[in-house]
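A.B. asks: Structure in structure tokens, see below.
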Protein chains: 4
Amino acid sequence: MIGFALFGCGRIGRMHARNIHAHPGAELVACYDVAGPAAAAVAADLGASEAQSVDEALAHPRVQAVFIASSTNTHVDLIARSVQTGKAVLCEKPVDLDIARVDACWQAIAGLHPLVMLGFNRRFDPSFCALRDRLAAGEIGRLEQVVITSRDPAPPPPGYVASSGGLFRDMAIHDFDMARYLAGEIVEVQAMGANLIDPGIEAAGDIDAAMVVMRAASGALVHISNSRRCAYGYDQRIEAFGAGGMLQAHNQHPTTVESWGHGRTRAMDPLQDFFIARYADAYRAELDHFIACVNTGAAPLAGFAEGREALRLADAALDSMRSGRAVRLA
Amino acid sequence: MIGFALFGCGRIGRMHARNIHAHPGAELVACYDVAGPAAAAVAADLGASEAQSVDEALAHPRVQAVFIASSTNTHVDLIARSVQTGKAVLCEKPVDLDIARVDACWQAIAGLHPLVMLGFNRRFDPSFCALRDRLAAGEIGRLEQVVITSRDPAPPPPGYVASSGGLFRDMAIHDFDMARYLAGEIVEVQAMGANLIDPGIEAAGDIDAAMVVMRAASGALVHISNSRRCAYGYDQRIEAFGAGGMLQAHNQHPTTVESWGHGRTRAMDPLQDFFIARYADAYRAELDHFIACVNTGAAPLAGFAEGREALRLADAALDSMRSGRAVRLA
Amino acid sequence: MIGFALFGCGRIGRMHARNIHAHPGAELVACYDVAGPAAAAVAADLGASEAQSVDEALAHPRVQAVFIASSTNTHVDLIARSVQTGKAVLCEKPVDLDIARVDACWQAIAGLHPLVMLGFNRRFDPSFCALRDRLAAGEIGRLEQVVITSRDPAPPPPGYVASSGGLFRDMAIHDFDMARYLAGEIVEVQAMGANLIDPGIEAAGDIDAAMVVMRAASGALVHISNSRRCAYGYDQRIEAFGAGGMLQAHNQHPTTVESWGHGRTRAMDPLQDFFIARYADAYRAELDHFIACVNTGAAPLAGFAEGREALRLADAALDSMRSGRAVRLA
Amino acid sequence: MIGFALFGCGRIGRMHARNIHAHPGAELVACYDVAGPAAAAVAADLGASEAQSVDEALAHPRVQAVFIASSTNTHVDLIARSVQTGKAVLCEKPVDLDIARVDACWQAIAGLHPLVMLGFNRRFDPSFCALRDRLAAGEIGRLEQVVITSRDPAPPPPGYVASSGGLFRDMAIHDFDMARYLAGEIVEVQAMGANLIDPGIEAAGDIDAAMVVMRAASGALVHISNSRRCAYGYDQRIEAFGAGGMLQAHNQHPTTVESWGHGRTRAMDPLQDFFIARYADAYRAELDHFIACVNTGAAPLAGFAEGREALRLADAALDSMRSGRAVRLA
């Protein structure tokens with residue numbers, strides 16, 4: 001039974017808290033949030049203790065692992081403090097928006113050979129996972145092209161954009177990680193961005209739609225389409241193409257019901273609204289994987305390095321978009 | 001080049017006329033309709049001669065084959081006269097609504113060893129045809145169950161129902177033939193009918209919805225669902241189930257376009273409106289098969305006997321519906 | 001927090017035990033099985049107490065509700081004893097194989113106005129449930145036809161068949177209940193059975209494939225196709241057809257991955273193997289509904305009467321199959 | 001009745017010849033090919049006259065229109081001569097591989113205000129056409145992103161590549177035209193190419209896979225994925241995404257048959273092998289549109305200018321691929 005401290009009790013933190021509680025091999029011991037009432041609510045709901053500080057949570061004798069679901073700018077500090085008190089860490093993406101701070105964090109903890117896992121939930125989605133396993137098993141031969149579609153249902157609130165790090169670092173970071181998960185190391189990045197949706201995003205200096213093309217060291221080409229708005233829900237698809245054919249992982253529909261009538265055939269309902277519903281199974285599998293790593297000492301499927309590399313691709317895309325040049329990565 | 005006489009220049013007759021005209025191995029020589037202007041229009045449009053009588057059409061020296069697309073009550077007479085003047089015959093279903101008249105017709109022509117083909121167009125639908133070939137090739141092993149769905153888009157006009165022979169003989173006749181095409185001889189029939197759609201049909205003494213279950217000599221069970229109305233178009237599907245799995249032939253959609261938006265995903269357009277659009281390819285293939293039979297002397301896929309057997313199943317279904325008993329066929 | 005006693009700790013009992021344990025409003029207090037080790041294992045795994053007898057379990061002060069997952073022949077006795085000790089009861093289907101025993105059971109408990117829910121899990125499947133709600137909301141107008149497909153992946157073990165009550169009472173019972181859930185009371189039943197799959201089933205006097213047609217009091221026609229074997233997994237589908245169109249609830253696929261390559265396009269994996277995987281969500285929703293009924297006093301969606309009526313339809317189907325006559329229900 | 005001369009009687013020329021022959025408003029008058037027997041075969045098969053020279057064909061009194069299906073390097077000369085003898089012209093794409101020659105051709109004929117239509121067959125595909133009409137009708141609001149998938153079943157023969165103009169000018173030219181058809185004028189092009197499939201293509205100095213991203217003047221982003229090999233057939237899809245949702249045009253399957261069995265569900269057959277089968281309906285509709293333009297004087301949907309613009313995008317893609325820079329078009 002692994003005891004957890006949870007940092008961050010907002011929407012996604014609460015979901016993780018419930019998953020920890022429901023896991024037969026985990027116990028939610030303590031939770032902390034800069035907003036006390038958020039932590040108090042989680043604590044009361046799930047029978048955990050509400051810590052008054054990070055230190056108090058880390059000092060709890062039954063806490064062996066830390067789940068970091070607080071705001072991005074707190075991640076590197078919390079990772080470092082957790083590792084330095086001997087905890088295993090599962091941290092929501094991204095590590096940080098600044099690669100220098102990411103590297104400094106790693107410098108500070110590398111010597112401790114820590115178990116740090118990044119919350120790249122999509123690696124644990126049953127369909128994406130199956131696609132990747134079948135690719136690895138050679139079902140379609142050598143990988144040649146990947147097309148990743150990733151569209152959020154609605155733009156983030158205006159206040160969020162400014163501190164988000166921008167579409168590439170905030171939203172596409174998952175897609176950059178997925179590119180690496182499927183195609184391996186990336187050596188070249190081209191990106192084009194656009195403002196098509198929300199003037200507030202443009203005013204904040206960010207884009208709201210993008211298309212990226214990348215080349216992997218293997219030679220494979222990868223495309224990512226992003227949009228900050230999608231009328232039919234959260235659009236998350238992968239298509240992998242190889243010498244022997246294609247594997248597609250499609251969107252999930254809430255039910256299997258089709259409606260046929262005047263003016264329509266085969267119509268299904270809109271997709272799940274957003275990540276908490278869409279990736280419910282993935283979040284549970286992610287936690288399960290982390291607990292298995294803690295128990296066995298195995299390296300997690302998405303470690304600290306994956307967090308750094310995804311950020312590096314986001315930075316390269318930003319550079320390419322601004323310069324109009326393909327960016328080559330050493 | 002096979003010369004054709006066409007009897008009946010209504011909607012379906014005009015379609016057959018165009019198909020004959022477009023076929024590289026066929027020529028539309030003469031056409032006749034009790035309504036003179038209908039025949040005149042076809043003749044003018046396609047460069048054929050308008051016959052003033054059946055005899056005139058049959059006497060034309062270039063006429064080798066006859067296409068009968070006139071009203072059902074004329075079929076047996078036209079078949080007999082065509083055969084007796086040495087023509088090959090392709091006749092729209094059904095042969096007749098009365099099995100005694102069907103048998104008398106055959107008595108009159110059997111000695112001539114005629115080439116008579118019945119227009120069971122669905123046997124020539126590329127998808128149903130592929131399903132049947134794959135079944136015959138053993139793709140799913142021994143056939144165990146068949147489910148046939150057959151729904152017309154809208155009820156026929158009131159005047160039509162009274163002389164139609166009723167749902168089983170008029171509409172389901174195609175499904176009875178399909179049952180035999182896929183499962184072989186039928187030995188037992190159960191049927192349940194209902195009046196759910198059109199009070200005019202009930203007033204005319206007919207049903208407008210039905211469900212039939214049959215047993216084949218092979219042991220396979222066959223289900224047919226019929227309705228005289230279908231909001232999303234002409235619903236025509238087959239499902240065949242065997243020891244090794246299932247083959248399904250689905251509806252055809254006019255385009256491959258899917259619409260995704262507020263309140264819908266994967267929505268496609270309604271199906272083709274009715275048989276002329278839905279079975280356009282099938283009607284061409286049916287004609288092509290008939291021409292090949294004329295040229296080679298091969299027996300057609302659907303001969304006179306198929307017309308008789310389908311009618312016999314329709315009669316058995318009517319008997320079962322009225323008696324509430326399963327009807328066993330010798 | 002509702003305290004449960006569980007009777008029957010076999011495969012399905014263990015699944016229910018885990019669902020009770022995971023439910024935030026339920027507690028697994030005691031469990032009992034005629035095979036002691038089965039109960040001991042569940043008790044140890046989930047921190048419940050292992051009862052040495054039914055009486056001991058029912059006497060436990062924290063037990064308010066009983067989950068009956070033991071063999072069918074124990075159901076009526078356990079229902080009666082549980083109700084007589086004031087418990088709410090959730091019982092796996094069927095109530096019993098003999099309608100006289102079912103009625104006797106009800107006679108014995110009716111005066112106590114018990115809360116007895118039957119485990120017709122399919123009523124709680126998210127897709128079937130959505131189909132039914134949308135039907136009730138009028139999405140396709142008046143219901144005219146229903147087609148229910150229900151095929152088990154593999155025949156039951158030989159020993160099971162003899163005591164199962166036969167295909168209609170054991171397997172199709174779910175489909176009879178679904179027919180009533182969607183179309184309301186049934187007034188006429190026709191059935192045809194066949195032996196196509198397993199000689200052992202025939203030797204045991206049972207059939208292994210069936211097709212049923214029924215008429216509802218509303219006039220709607222309902223078809224059920226059953227098979228004891230299905231090469232591609234557990235085939236569970238519903239199609240409801242009305243004046244305004246059609247609603248279909250399709251099979252669930254384990255992932256959304258499609259494979260395209262030499263000789264195939266759009267190929268997906270086989271379906272879930274059987275009911276525990278296929279109806280995992282449904283079993284959780286069923287338990288949740290029962291707990292809500294216990295807490296609020298509301299009548300369950302599937303009460304004792306639903307168990308009796310489904311059995312009555314199964315008996316009528318058997319009668320029709322044997323007599324070759326449509327059976328009318330008063 | 002429009003009389004046609006056909007130049008080029010190879011595989012695609014023969015298909016066009018049959019379509020002209022079958023069209024009720026067209027007549028194949030004369031045909032010519034540098035390989036005499038090819039022209040002789042078409043002439044004999046369809047009752048046309050075999051011309052011994054281009055001039056002879058153009059001089060035929062019943063020839064009003066010319067269909068150019070000969071090799072690319074003959075196009076500009078044949079367009080000019082046909083226009084100068086007063087014919088309407090339907091020419092297979094591309095106009096030429098060299099934009100200077102394209103412009104010189106136009107210079108020579110512009111003053112004659114010719115009717116020259118380019119054979120961009122995909123604009124006439126019923127599904128792509130419907131997608132575009134529905135886009136134009138506002139079904140998904142303002143267009144934001146387009147994803148075009150275009151994969152040939154197998155690499156061209158080695159000899160073909162050297163004179164083909166390369167993947168962008170030879171194969172992707174259709175996709176560049178489709179981009180303009182859907183998104184309007186293009187102002188920026190990024191491209192990445194790769195050699196993943198056929199060493200012979202690399203040896204010939206060409207690529208065999210590519211990913212392109214473009215920006216339209218409207219702001220919309222467009223992605224194209226190309227491959228010279230596709231194990232499951234000719235992969236041709238379009239996805240258009242806008243403020244109100246998404247329209248997808250999917251691949252066409254030869255039949256609607258799905259196979260379900262051990263190890264597979266929903267499996268369909270491979271796609272049509274290549275363009276002649278895949279775009280059979282489109283080629284007929286293209287011819288029909290051309291004939292309507294000849295009859296009415298309307299401007300064709302794809303005129304000479306469309307041929308030039310598609311080539312210009314191909315050239316820009318090549319430039320971007322080589323320079324690693326986004327190419328801006330004036």
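All residue names refer to the structure tokens as shown: chains lettered A, B, ... in order, residues numbered from 1 in each chain, ligands numbered from 1 in order.
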Just the strand (DSSP E) stuff from region 35-72 of chain A, please, per backbone DSSP, written as a PyMOL selection string.
C.D. replies: chain A and resi 49-50+65-68
A.B. asks: With N, CA, C and O atoms retained, export the selected residues as a short mmCIF file (atom, residue, chain, number, x, y, z; two decimals), in the first residue's frame.
C.D. replies:
```cif
data_model
loop_
_atom_site.label_atom_id
_atom_site.label_comp_id
_atom_site.auth_asym_id
_atom_site.auth_seq_id
_atom_site.Cartn_x
_atom_site.Cartn_y
_atom_site.Cartn_z
N SER A 49 -5.72 13.43 5.31
CA SER A 49 -5.44 14.55 6.20
C SER A 49 -5.10 15.78 5.35
O SER A 49 -4.45 15.68 4.31
N GLU A 50 -5.56 16.93 5.81
CA GLU A 50 -5.27 18.17 5.09
C GLU A 50 -4.00 18.76 5.66
O GLU A 50 -3.95 19.12 6.84
N ALA A 65 4.95 8.60 -1.74
CA ALA A 65 4.88 9.09 -3.12
C ALA A 65 4.12 10.41 -3.14
O ALA A 65 3.28 10.67 -2.27
N VAL A 66 4.44 11.22 -4.16
CA VAL A 66 3.83 12.53 -4.26
C VAL A 66 3.18 12.67 -5.63
O VAL A 66 3.79 12.32 -6.65
N PHE A 67 1.97 13.18 -5.64
CA PHE A 67 1.30 13.48 -6.91
C PHE A 67 1.22 14.99 -7.02
O PHE A 67 0.55 15.63 -6.20
N ILE A 68 1.88 15.57 -8.03
CA ILE A 68 1.92 17.02 -8.18
C ILE A 68 0.92 17.44 -9.26
O ILE A 68 1.09 17.14 -10.44
#
```
A.B. asks: Within 8 Å of chain C, which residues of chain A show up when using only C-alpha atoms, listed as an MDAnalysis selection string?
C.D. replies: chainID A and resid 22 126:128 130:131 140 244:252 255:262
A.B. asks: Okay, now the selection with C-alpha atoms, as a tab-separated table (two decimals), in the first residue's frame?
C.D. replies:
```tsv
chain	number	residue	atom	x	y	z
A	22	ALA	CA	-10.02	3.80	-5.47
A	126	PRO	CA	-5.92	1.96	-24.02
A	127	SER	CA	-6.34	2.68	-27.74
A	128	PHE	CA	-3.17	4.74	-28.21
A	130	ALA	CA	-2.62	-0.67	-28.27
A	131	LEU	CA	-1.70	1.20	-31.42
A	140	ILE	CA	2.43	-2.52	-40.28
A	244	GLY	CA	2.48	-2.80	-44.48
A	245	GLY	CA	-0.52	-0.57	-43.91
A	246	MET	CA	-2.07	1.75	-41.38
A	247	LEU	CA	-3.21	1.73	-37.77
A	248	GLN	CA	-5.73	4.32	-36.67
A	249	ALA	CA	-6.85	5.11	-33.13
A	250	HIS	CA	-10.17	6.92	-33.31
A	251	ASN	CA	-12.16	9.11	-31.02
A	252	GLN	CA	-14.22	7.48	-28.31
A	255	THR	CA	-22.24	5.43	-26.21
A	256	THR	CA	-22.51	3.17	-29.27
A	257	VAL	CA	-25.93	4.56	-30.22
A	258	GLU	CA	-26.50	5.61	-33.81
A	259	SER	CA	-29.46	7.69	-34.91
A	260	TRP	CA	-31.01	7.32	-38.36
A	261	GLY	CA	-33.89	9.49	-39.50
A	262	HIS	CA	-35.04	12.28	-41.73
```
A.B. asks: Give me, as a ChimeraX atom specification, all polymer residues having an atom no more than 10 Å from Thr74 (chain A), counting only C-alpha atoms and skipping those fewer than 6 positions away in the same chain.
C.D. replies: /A:7-8,68,95-96
A.B. asks: Using only C-alpha atoms, which protein or nucleic acid residues come within 12 Å of region 157-163 of chain B? Drop anything in the same chain fewer than 5 positions from it, and give the result as an MDAnalysis selection string.
C.D. replies: chainID B and resid 71:73 96:98 168:171 198:208 228
A.B. asks: Kindly save the residues from that selection, with C-alpha atoms included, as a PDB file, in the first residue's frame.
C.D. replies:
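Final output, out13.pdb:
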```
ATOM      1  CA  SER B  71     -47.806  -4.761 -65.007  1.00  0.00           C
ATOM      2  CA  THR B  72     -47.769  -8.065 -63.139  1.00  0.00           C
ATOM      3  CA  ASN B  73     -51.047  -9.394 -64.540  1.00  0.00           C
ATOM      4  CA  ASP B  96     -47.728 -13.729 -61.232  1.00  0.00           C
ATOM      5  CA  LEU B  97     -49.599 -13.407 -57.946  1.00  0.00           C
ATOM      6  CA  ASP B  98     -51.357 -16.757 -58.372  1.00  0.00           C
ATOM      7  CA  PHE B 168     -45.513 -10.778 -48.855  1.00  0.00           C
ATOM      8  CA  ARG B 169     -46.069 -11.316 -52.593  1.00  0.00           C
ATOM      9  CA  ASP B 170     -45.234  -7.805 -53.690  1.00  0.00           C
ATOM     10  CA  MET B 171     -42.431  -6.556 -51.473  1.00  0.00           C
ATOM     11  CA  ASP B 198     -50.908   3.402 -43.141  1.00  0.00           C
ATOM     12  CA  PRO B 199     -54.644   2.964 -42.400  1.00  0.00           C
ATOM     13  CA  GLY B 200     -55.253   2.843 -46.141  1.00  0.00           C
ATOM     14  CA  ILE B 201     -53.244  -0.360 -46.330  1.00  0.00           C
ATOM     15  CA  GLU B 202     -55.289  -1.903 -43.556  1.00  0.00           C
ATOM     16  CA  ALA B 203     -58.482  -0.817 -45.293  1.00  0.00           C
ATOM     17  CA  ALA B 204     -57.241  -2.594 -48.411  1.00  0.00           C
ATOM     18  CA  GLY B 205     -56.843  -5.792 -46.376  1.00  0.00           C
ATOM     19  CA  ASP B 206     -53.060  -5.791 -46.323  1.00  0.00           C
ATOM     20  CA  ILE B 207     -50.385  -5.424 -43.633  1.00  0.00           C
ATOM     21  CA  ASP B 208     -47.632  -2.793 -43.617  1.00  0.00           C
ATOM     22  CA  ARG B 228     -43.561  -0.149 -45.748  1.00  0.00           C
TER      23      ARG B 228
END
```
A.B. asks: Run DSSP on the backbone and grab whatever in region 66-304 of chain D lands in helix (DSSP H, G or I); send it over as a ChimeraX atom specification.
C.D. replies: /D:72-84,99-112,121-124,126-136,158-162,166-170,173-183,199-203,275-278,280-296,304
A.B. asks: Could you tell me how far CA of Cys91 (chain B) lies from CA of Ala179 (chain B), in Å and to one decimal?
C.D. replies: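 If I compute the distance from CA of Cys91 (chain B) to CA of Ala179 (chain B), I get 20.1 Å.
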A.B. asks: Please identify all polymer residues within 10 Å of Arg81 (chain A), counting only C-alpha atoms, omitting same-chain residues fewer than 4 positions from it, and present them as a PyMOL selection string.
C.D. replies: chain A and resi 54-55+58+75-77+85-87+108-109
A.B. asks: Between D:Ala209, D:Met1, D:Leu135, D:Val222, which is the closest to Gly193 (chain A) once you count only C-alpha atoms?
C.D. replies: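 Comparing D:Ala209, D:Met1, D:Leu135, D:Val222 against Gly193 (chain A), the winner is D:Val222.
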A.B. asks: May I have the residues within 7 Å of Gly307 (chain B) as a ChimeraX atom specification, using only C-alpha atoms and disregarding those fewer than 6 positions away in the same chain?
C.D. replies: /B:93-95,118
A.B. asks: Take CA of Tyr32 (chain D) and CA of Ala282 (chain D) and report the distance between them in Å, one decimal.
C.D. replies: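 Computing the Euclidean distance for CA of Tyr32 (chain D) and CA of Ala282 (chain D) yields 24.0 Å.
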A.B. asks: Quick one: distance from CA of Glu306 (chain B) to CA of Cys105 (chain B) in Å, one decimal?
C.D. replies: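 CA of Glu306 (chain B) sits 14.0 Å away from CA of Cys105 (chain B).
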A.B. asks: With distances taken over only C-alpha atoms, which residue among B:Ala59, B:Ser218, B:Gly324, B:Phe274 lies nearest Glu188 (chain C)?
C.D. replies: B:Gly324
